[in-house]
>>> print(open('start33.pdb').read())   # PDB, C-alpha atoms and all ligand atoms
ATOM      1  CA  MET A 174       0.000   0.000   0.000
ATOM      2  CA  PHE A 175       2.795   2.421   0.852
ATOM      3  CA  GLU A 176       4.375   1.849  -2.565
ATOM      4  CA  SER A 177       1.010   2.533  -4.254
ATOM      5  CA  LEU A 178       0.600   5.739  -2.301
ATOM      6  CA  LYS A 179       4.109   6.846  -3.203
ATOM      7  CA  TYR A 180       3.314   6.111  -6.852
ATOM      8  CA  ILE A 181       0.135   8.222  -6.691
ATOM      9  CA  MET A 182       2.151  11.079  -5.176
ATOM     10  CA  GLU A 183       4.693  10.764  -7.991
ATOM     11  CA  ILE A 184       1.913  11.099 -10.585
ATOM     12  CA  GLN A 185       0.507  14.061  -8.667
ATOM     13  CA  ASP A 186       3.900  15.788  -8.586
ATOM     14  CA  LYS A 187       4.422  15.218 -12.317
ATOM     15  CA  ALA A 188       0.963  16.617 -13.127
ATOM     16  CA  LYS A 189       1.593  19.580 -10.816
ATOM     17  CA  ASP A 190       4.905  20.269 -12.480
ATOM     18  CA  ILE A 191       3.330  20.316 -15.955
ATOM     19  CA  ILE A 192       0.478  22.531 -14.768
ATOM     20  CA  TYR A 193       2.776  25.061 -13.083
ATOM     21  CA  LYS A 194       5.178  25.260 -15.986
ATOM     22  CA  THR A 195       2.473  25.717 -18.606
ATOM     23  CA  TYR A 196       1.522  29.286 -19.275
ATOM     24  CA  TYR A 197      -0.321  30.273 -22.438
ATOM     25  CA  LYS A 198      -1.024  33.931 -23.014
ATOM     26  CA  ILE A 199      -4.611  35.063 -23.201
ATOM     27  CA  ASN A 200      -6.331  34.341 -26.527
ATOM     28  CA  MET A 201      -9.770  35.879 -26.991
ATOM     29  CA  THR A 202     -12.377  35.676 -29.737
ATOM     30  CA  ASP A 203     -14.202  38.819 -30.895
ATOM     31  CA  GLU A 204     -17.202  37.638 -28.893
ATOM     32  CA  ASP A 205     -15.045  37.304 -25.761
ATOM     33  CA  ILE A 206     -13.807  40.869 -26.206
ATOM     34  CA  ASP A 207     -17.411  42.066 -26.519
ATOM     35  CA  ILE A 208     -18.482  40.184 -23.392
ATOM     36  CA  HIS A 209     -15.526  41.519 -21.472
ATOM     37  CA  ASN A 210     -16.008  45.149 -22.489
ATOM     38  CA  ASN A 211     -19.742  45.099 -21.750
ATOM     39  CA  SER A 212     -19.657  43.442 -18.353
ATOM     40  CA  ASN A 213     -19.791  45.331 -15.091
ATOM     41  CA  SER A 214     -19.846  42.469 -12.585
ATOM     42  CA  CYS A 215     -17.551  39.573 -11.738
ATOM     43  CA  TYR A 216     -18.558  36.305 -13.437
ATOM     44  CA  LEU A 217     -17.482  34.323 -10.376
ATOM     45  CA  TYR A 218     -19.203  36.132  -7.517
ATOM     46  CA  PHE A 219     -21.424  38.598  -9.357
ATOM     47  CA  GLN A 220     -20.376  41.667  -7.390
ATOM     48  CA  ASN A 221     -19.890  44.868  -9.345
ATOM     49  CA  PHE A 222     -16.427  46.072 -10.212
ATOM     50  CA  ASN A 223     -15.098  49.197  -8.531
ATOM     51  CA  LYS A 224     -11.931  51.231  -8.320
ATOM     52  CA  ASP A 225     -10.294  48.970  -5.710
ATOM     53  CA  ASN A 226     -11.645  45.681  -6.989
ATOM     54  CA  TYR A 227     -11.320  46.255 -10.704
ATOM     55  CA  LYS A 228     -12.127  44.170 -13.791
ATOM     56  CA  VAL A 229      -9.512  41.753 -15.140
ATOM     57  CA  LYS A 230      -9.558  39.063 -17.819
ATOM     58  CA  ASP A 231      -9.607  35.601 -16.290
ATOM     59  CA  HIS A 232      -8.096  32.983 -18.564
ATOM     60  CA  ASP A 233      -7.102  29.324 -18.516
ATOM     61  CA  HIS A 234      -3.289  29.216 -18.567
ATOM     62  CA  LEU A 235      -3.328  25.585 -19.681
ATOM     63  CA  LYS A 236      -5.241  26.148 -22.921
ATOM     64  CA  GLU A 237      -3.519  27.545 -25.970
ATOM     65  CA  LYS A 238      -6.520  28.977 -27.862
ATOM     66  CA  ASN A 239      -9.898  30.421 -26.862
ATOM     67  CA  ASN A 240      -8.790  30.415 -23.257
ATOM     68  CA  TYR A 241     -10.755  33.405 -21.932
ATOM     69  CA  ARG A 242     -12.995  32.362 -19.034
ATOM     70  CA  GLY A 243     -14.724  35.586 -18.168
ATOM     71  CA  PRO A 244     -14.604  39.050 -16.620
ATOM     72  CA  ALA A 245     -13.402  38.584 -13.051
ATOM     73  CA  CYS A 246     -12.696  41.016 -10.269
ATOM     74  CA  ASN A 247      -9.097  41.379  -9.255
ATOM     75  CA  ASN A 248      -9.688  39.661  -5.879
ATOM     76  CA  CYS A 249     -11.264  36.545  -7.394
ATOM     77  CA  ASN A 250      -8.591  36.340 -10.026
ATOM     78  CA  ILE A 251      -5.847  36.248  -7.395
ATOM     79  CA  LYS A 252      -7.716  33.619  -5.382
ATOM     80  CA  CYS A 253      -8.099  31.394  -8.441
ATOM     81  CA  ASN A 254      -4.480  30.392  -8.453
ATOM     82  CA  LYS A 255      -3.508  27.082  -9.939
ATOM     83  CA  ASN A 256      -2.035  25.723  -6.737
ATOM     84  CA  LYS A 257      -5.333  25.948  -4.948
ATOM     85  CA  TYR A 258      -7.480  24.489  -7.678
ATOM     86  CA  PHE A 259      -5.373  21.638  -8.999
ATOM     87  CA  LYS A 260      -6.758  18.410  -7.596
ATOM     88  CA  LEU A 261      -5.964  14.877  -8.663
ATOM     89  CA  PRO A 262      -9.000  12.700  -7.919
ATOM     90  CA  VAL A 263      -8.486   9.119  -6.746
ATOM     91  CA  ILE A 264     -11.729   7.186  -6.604
ATOM     92  CA  ALA A 265     -12.249   4.018  -4.582
ATOM     93  CA  HIS A 266     -15.472   2.089  -4.157
ATOM     94  CA  ASN A 267     -16.491   2.048  -0.476
ATOM     95  CA  LEU A 268     -13.527   4.188   0.537
ATOM     96  CA  LYS A 269     -15.475   5.420   3.536
ATOM     97  CA  GLY A 270     -16.162   1.997   4.966
ATOM     98  CA  TYR A 271     -13.045   0.038   4.223
ATOM     99  CA  ASP A 272     -10.235   1.216   1.964
ATOM    100  CA  SER A 273      -9.557   4.453   3.797
ATOM    101  CA  HIS A 274      -8.167   2.491   6.773
ATOM    102  CA  PHE A 275      -5.471   0.903   4.646
ATOM    103  CA  ILE A 276      -4.568   4.132   2.920
ATOM    104  CA  PHE A 277      -4.547   6.142   6.102
ATOM    105  CA  GLN A 278      -2.179   3.806   7.916
ATOM    106  CA  TYR A 279       0.526   4.976   5.540
ATOM    107  CA  ALA A 280      -0.555   8.500   4.700
ATOM    108  CA  GLY A 281       1.341   9.961   7.659
ATOM    109  CA  LEU A 282       4.606   8.435   6.454
ATOM    110  CA  LEU A 283       4.500  10.506   3.288
ATOM    111  CA  ASN A 284       5.261  13.766   5.127
ATOM    112  CA  ARG A 285       2.676  15.684   3.123
ATOM    113  CA  SER A 286      -0.237  17.847   4.156
ATOM    114  CA  ILE A 287      -3.376  15.885   5.020
ATOM    115  CA  SER A 288      -6.940  17.043   5.508
ATOM    116  CA  VAL A 289     -10.053  14.953   6.096
ATOM    117  CA  ILE A 290     -13.812  15.306   6.001
ATOM    118  CA  PRO A 291     -14.720  12.998   8.879
ATOM    119  CA  LEU A 292     -18.018  11.231   9.352
ATOM    120  CA  THR A 293     -17.023   9.683  12.678
ATOM    121  CA  ASP A 294     -13.664   9.227  14.477
ATOM    122  CA  GLU A 295     -12.877   6.292  12.245
ATOM    123  CA  LYS A 296     -14.801   6.920   9.067
ATOM    124  CA  TYR A 297     -13.860   9.577   6.553
ATOM    125  CA  LEU A 298     -16.159  10.803   3.833
ATOM    126  CA  SER A 299     -13.157  11.929   1.835
ATOM    127  CA  PHE A 300      -9.633  13.044   2.510
ATOM    128  CA  GLN A 301      -6.892  14.902   0.768
ATOM    129  CA  ILE A 302      -3.148  14.302   0.717
ATOM    130  CA  ASP A 303      -1.437  17.327  -0.823
ATOM    131  CA  ASN A 304      -3.360  17.976  -4.054
ATOM    132  CA  THR A 305      -4.716  14.445  -4.314
ATOM    133  CA  ILE A 306      -8.303  13.993  -3.205
ATOM    134  CA  PHE A 307      -9.625  10.539  -2.336
ATOM    135  CA  LEU A 308     -13.317  10.079  -3.067
ATOM    136  CA  ASP A 309     -15.767   7.253  -2.512
ATOM    137  CA  SER A 310     -17.707   6.186  -5.633
ATOM    138  CA  TYR A 311     -20.104   4.240  -3.416
ATOM    139  CA  GLN A 312     -21.399   7.581  -2.153
ATOM    140  CA  PHE A 313     -22.547   8.393  -5.679
ATOM    141  CA  THR A 314     -23.976   5.035  -6.736
ATOM    142  CA  LEU A 315     -25.036   3.181  -3.543
ATOM    143  CA  CYS A 316     -24.613  -0.107  -5.373
ATOM    144  CA  SER A 317     -21.996  -2.852  -5.205
ATOM    145  CA  LEU A 318     -19.276  -2.908  -7.866
ATOM    146  CA  ASP A 319     -20.477  -6.376  -8.852
ATOM    147  CA  LYS A 320     -23.984  -5.103  -9.579
ATOM    148  CA  LEU A 321     -22.689  -2.039 -11.417
ATOM    149  CA  VAL A 322     -20.522  -4.104 -13.759
ATOM    150  CA  ASP A 323     -23.330  -6.612 -14.227
ATOM    151  CA  GLY A 324     -25.728  -3.854 -15.231
ATOM    152  CA  MET A 325     -23.263  -2.528 -17.773
ATOM    153  CA  ASN A 326     -22.712  -5.961 -19.264
ATOM    154  CA  LYS A 327     -26.431  -6.505 -19.733
ATOM    155  CA  SER A 328     -26.831  -3.276 -21.604
ATOM    156  CA  ASN A 329     -26.538  -3.564 -25.377
ATOM    157  CA  ASN A 330     -26.058   0.134 -25.816
ATOM    158  CA  LYS A 331     -23.202   0.450 -28.302
ATOM    159  CA  GLU A 332     -22.567   4.027 -27.231
ATOM    160  CA  LEU A 333     -21.472   2.886 -23.774
ATOM    161  CA  PHE A 334     -17.688   2.837 -23.393
ATOM    162  CA  LYS A 335     -17.289   3.849 -27.033
ATOM    163  CA  ASN A 336     -13.996   5.690 -26.516
ATOM    164  CA  PHE A 337     -12.714   3.079 -24.112
ATOM    165  CA  ASN A 338     -13.386   0.258 -26.576
ATOM    166  CA  GLU A 339     -11.750   2.146 -29.416
ATOM    167  CA  GLU A 340      -8.647   2.748 -27.332
ATOM    168  CA  PHE A 341      -8.407  -0.775 -25.893
ATOM    169  CA  ASN A 342      -9.523  -2.998 -28.764
ATOM    170  CA  ASN A 343      -6.942  -5.755 -28.308
ATOM    171  CA  ILE A 344      -7.842  -6.983 -24.839
ATOM    172  CA  THR A 345      -9.807 -10.008 -23.679
ATOM    173  CA  ASP A 346     -13.479  -9.662 -22.680
ATOM    174  CA  GLU A 347     -12.561 -10.464 -19.082
ATOM    175  CA  LEU A 348      -9.980  -7.683 -18.908
ATOM    176  CA  ASN A 349     -12.369  -5.342 -20.679
ATOM    177  CA  ASN A 350     -15.002  -5.958 -17.994
ATOM    178  CA  LEU A 351     -12.490  -5.459 -15.208
ATOM    179  CA  LEU A 352     -11.188  -2.170 -16.593
ATOM    180  CA  ARG A 353     -14.639  -0.711 -17.124
TER     181      ARG A 353
HETATM  182 ZN    ZN B   1     -15.039  38.408  -8.116
END
>>> encode(input="start33.pdb", output="structure tokens", more="lines below")
Ligand SMILES: [Zn+2]
Amino acid sequence: MFESLKYIMEIQDKAKDIIYKTYYKINMTDEDIDIHNNSNSCYLYFQNFNKDNYKVKDHDHLKEKNNYRGPACNNCNIKCNKNKYFKLPVIAHNLKGYDSHFIFQYAGLLNRSISVIPLTDEKYLSFQIDNTIFLDSYQFTLCSLDKLVDGMNKSNNKELFKNFNEEFNNITDELNNLLR
């Protein structure tokens, strides 16, 4: 488990590195420029701009083209820094009831910041190690993994897993079911 956690942290650090090093200049369409010039309130918190909290162009630094997000106030723009909003999601089924114990035994050894949303002393709804957030898919589906996979297998909908099947077209049916 400790090795797996270290591996997840490695992936997180690599992703973080790419995100922090990537900076594309703002690239707006004519429509964006119109929207920006005609707005008088922040698109994030809807308060009006003023002399101290003035209008700025918020843009996605990770996108090369059409990266304008909206007219933001200066305060919101500063708060929306990449460090705060980059999160790597790790999803486990029944994390709350079971898996979190195994992960948490080793989390402290990583020497990284940890925060939890506790349900009780022992059960955590979700927790975060650095920028990696651990979520419980059971909270969204309330169904066993076995039943979920079974339901998907019974469906003849060709649109399901279309991209997945195109990408992984050389694997056995068993592996296909497992990876879904
Ligand atoms: Zn704002």
>>> closest_atom_pairs(input="start33.pdb", of="chain A", to="ligand ZN 1 (chain B)", cutoff="7 Å", atoms="all atoms listed in the file", output="Markdown table")
| residue | atom | partner | partner_atom | distance |
| --- | --- | --- | --- | --- |
| A:Cys215 | CA | B:ZN1 | ZN | 4.6 |
| A:Tyr216 | CA | B:ZN1 | ZN | 6.7 |
| A:Leu217 | CA | B:ZN1 | ZN | 5.3 |
| A:Tyr218 | CA | B:ZN1 | ZN | 4.8 |
| A:Phe219 | CA | B:ZN1 | ZN | 6.5 |
| A:Gln220 | CA | B:ZN1 | ZN | 6.3 |
| A:Ala245 | CA | B:ZN1 | ZN | 5.2 |
| A:Cys246 | CA | B:ZN1 | ZN | 4.1 |
| A:Asn247 | CA | B:ZN1 | ZN | 6.7 |
| A:Asn248 | CA | B:ZN1 | ZN | 5.9 |
| A:Cys249 | CA | B:ZN1 | ZN | 4.3 |
>>> resolve_selection(input="start33.pdb", expression="the PyMOL selection byres (((chain A and resi 237) around 10) and not hetatm)", output="list of chain:residue names")
A:Thr195, A:Tyr196, A:Tyr197, A:Lys198, A:Ile199, A:Asn200, A:Asp233, A:His234, A:Leu235, A:Lys236, A:Lys238, A:Asn239, A:Asn240
>>> write_last_selection(input="start33.pdb", atoms="C-alpha atoms", output="short mmCIF file (atom, residue, chain, number, x, y, z; two decimals), keeping the file's coordinate frame")
data_model
loop_
_atom_site.label_atom_id
_atom_site.label_comp_id
_atom_site.auth_asym_id
_atom_site.auth_seq_id
_atom_site.Cartn_x
_atom_site.Cartn_y
_atom_site.Cartn_z
CA THR A 195 2.47 25.72 -18.61
CA TYR A 196 1.52 29.29 -19.27
CA TYR A 197 -0.32 30.27 -22.44
CA LYS A 198 -1.02 33.93 -23.01
CA ILE A 199 -4.61 35.06 -23.20
CA ASN A 200 -6.33 34.34 -26.53
CA ASP A 233 -7.10 29.32 -18.52
CA HIS A 234 -3.29 29.22 -18.57
CA LEU A 235 -3.33 25.58 -19.68
CA LYS A 236 -5.24 26.15 -22.92
CA LYS A 238 -6.52 28.98 -27.86
CA ASN A 239 -9.90 30.42 -26.86
CA ASN A 240 -8.79 30.42 -23.26
#
>>> residues_around(input="start33.pdb", residues="Ser212 in chain A", least_positions_apart="5", cutoff="9 Å", atoms="only C-alpha atoms", output="ChimeraX atom specification")
/A:207,228,244
>>> closest_residue(input="start33.pdb", among="A:His274, A:Lys327, A:Arg242, A:Lys320", to="Glu204 in chain A", atoms="all atoms listed in the file")
A:Arg242
>>> residues_around(input="start33.pdb", residues="Pro262 in chain A", least_positions_apart="5", cutoff="10 Å", atoms="all atoms listed in the file", output="number ranges by chain")
A: 185, 301, 304-308
>>> write_last_selection(input="start33.pdb", atoms="C-alpha atoms", output="PDB file, in the frame of the given file")
ATOM      1  CA  GLN A 185       0.507  14.061  -8.667  1.00  0.00           C
ATOM      2  CA  GLN A 301      -6.892  14.902   0.768  1.00  0.00           C
ATOM      3  CA  ASN A 304      -3.360  17.976  -4.054  1.00  0.00           C
ATOM      4  CA  THR A 305      -4.716  14.445  -4.314  1.00  0.00           C
ATOM      5  CA  ILE A 306      -8.303  13.993  -3.205  1.00  0.00           C
ATOM      6  CA  PHE A 307      -9.625  10.539  -2.336  1.00  0.00           C
ATOM      7  CA  LEU A 308     -13.317  10.079  -3.067  1.00  0.00           C
TER       8      LEU A 308
END
>>> closest_residue(input="start33.pdb", among="A:Asn213, A:Ser328, A:Ser273, A:Asn336", to="Pro291 in chain A", atoms="all atoms listed in the file")
A:Ser273
>>> atom_distance(input="start33.pdb", atom1="CA of Thr345 in chain A", atom2="CA of Ile264 in chain A")
24.3 Å
>>> resolve_selection(input="start33.pdb", expression="the PyMOL selection byres (((chain A and resi 309) around 10) and not hetatm)", output="mmCIF file with C-alpha atoms, in the coordinates of the input")
data_model
loop_
_atom_site.group_PDB
_atom_site.id
_atom_site.type_symbol
_atom_site.label_atom_id
_atom_site.label_comp_id
_atom_site.auth_asym_id
_atom_site.auth_seq_id
_atom_site.Cartn_x
_atom_site.Cartn_y
_atom_site.Cartn_z
ATOM 1 C CA VAL A 263 -8.486 9.119 -6.746
ATOM 2 C CA ILE A 264 -11.729 7.186 -6.604
ATOM 3 C CA ALA A 265 -12.249 4.018 -4.582
ATOM 4 C CA HIS A 266 -15.472 2.089 -4.157
ATOM 5 C CA ASN A 267 -16.491 2.048 -0.476
ATOM 6 C CA LEU A 268 -13.527 4.188 0.537
ATOM 7 C CA LYS A 269 -15.475 5.420 3.536
ATOM 8 C CA GLY A 270 -16.162 1.997 4.966
ATOM 9 C CA ASP A 272 -10.235 1.216 1.964
ATOM 10 C CA SER A 273 -9.557 4.453 3.797
ATOM 11 C CA TYR A 297 -13.860 9.577 6.553
ATOM 12 C CA LEU A 298 -16.159 10.803 3.833
ATOM 13 C CA SER A 299 -13.157 11.929 1.835
ATOM 14 C CA PHE A 300 -9.633 13.044 2.510
ATOM 15 C CA PHE A 307 -9.625 10.539 -2.336
ATOM 16 C CA LEU A 308 -13.317 10.079 -3.067
ATOM 17 C CA SER A 310 -17.707 6.186 -5.633
ATOM 18 C CA TYR A 311 -20.104 4.240 -3.416
ATOM 19 C CA GLN A 312 -21.399 7.581 -2.153
ATOM 20 C CA PHE A 313 -22.547 8.393 -5.679
ATOM 21 C CA THR A 314 -23.976 5.035 -6.736
#
>>> residues_around(input="start33.pdb", residues="Asn350 in chain A", least_positions_apart="3", cutoff="9 Å", atoms="all atoms listed in the file", output="list in words")
Val322, Met325, Asn326, Thr345, Asp346, Glu347 and Arg353 of chain A
>>> resolve_selection(input="start33.pdb", expression="the PyMOL selection byres (((chain A and resi 192) around 10) and not hetatm)", output="CSV table (one decimal) with C-alpha atoms, keeping the file's coordinate frame")
chain,number,residue,atom,x,y,z
A,186,ASP,CA,3.9,15.8,-8.6
A,187,LYS,CA,4.4,15.2,-12.3
A,188,ALA,CA,1.0,16.6,-13.1
A,189,LYS,CA,1.6,19.6,-10.8
A,190,ASP,CA,4.9,20.3,-12.5
A,191,ILE,CA,3.3,20.3,-16.0
A,193,TYR,CA,2.8,25.1,-13.1
A,194,LYS,CA,5.2,25.3,-16.0
A,195,THR,CA,2.5,25.7,-18.6
A,196,TYR,CA,1.5,29.3,-19.3
A,234,HIS,CA,-3.3,29.2,-18.6
A,235,LEU,CA,-3.3,25.6,-19.7
A,255,LYS,CA,-3.5,27.1,-9.9
A,256,ASN,CA,-2.0,25.7,-6.7
A,259,PHE,CA,-5.4,21.6,-9.0
>>> atom_distance(input="start33.pdb", atom1="CA of Val289 in chain A", atom2="CA of Cys253 in chain A")
22.0 Å
>>> closest_residue(input="start33.pdb", among="A:Tyr279, A:Thr293, A:Ile344, A:Glu339", to="Met174 in chain A", atoms="only C-alpha atoms")
A:Tyr279
>>> closest_residue(input="start33.pdb", among="A:Asn330, A:Phe222, A:Leu178, A:Glu183", to="Gly281 in chain A", atoms="all atoms listed in the file")
A:Leu178
>>> atom_distance(input="start33.pdb", atom1="CA of Asp231 in chain A", atom2="CA of Asp205 in chain A")
11.1 Å
>>> axis_aligned_box(input="start33.pdb", around="range 176-180 of chain A", padding_each_side="6 Å", output="lines of an AutoDock Vina configuration file")
center_x = 2.5
center_y = 4.3
center_z = -4.6
size_x = 15.8
size_y = 17.0
size_z = 16.6
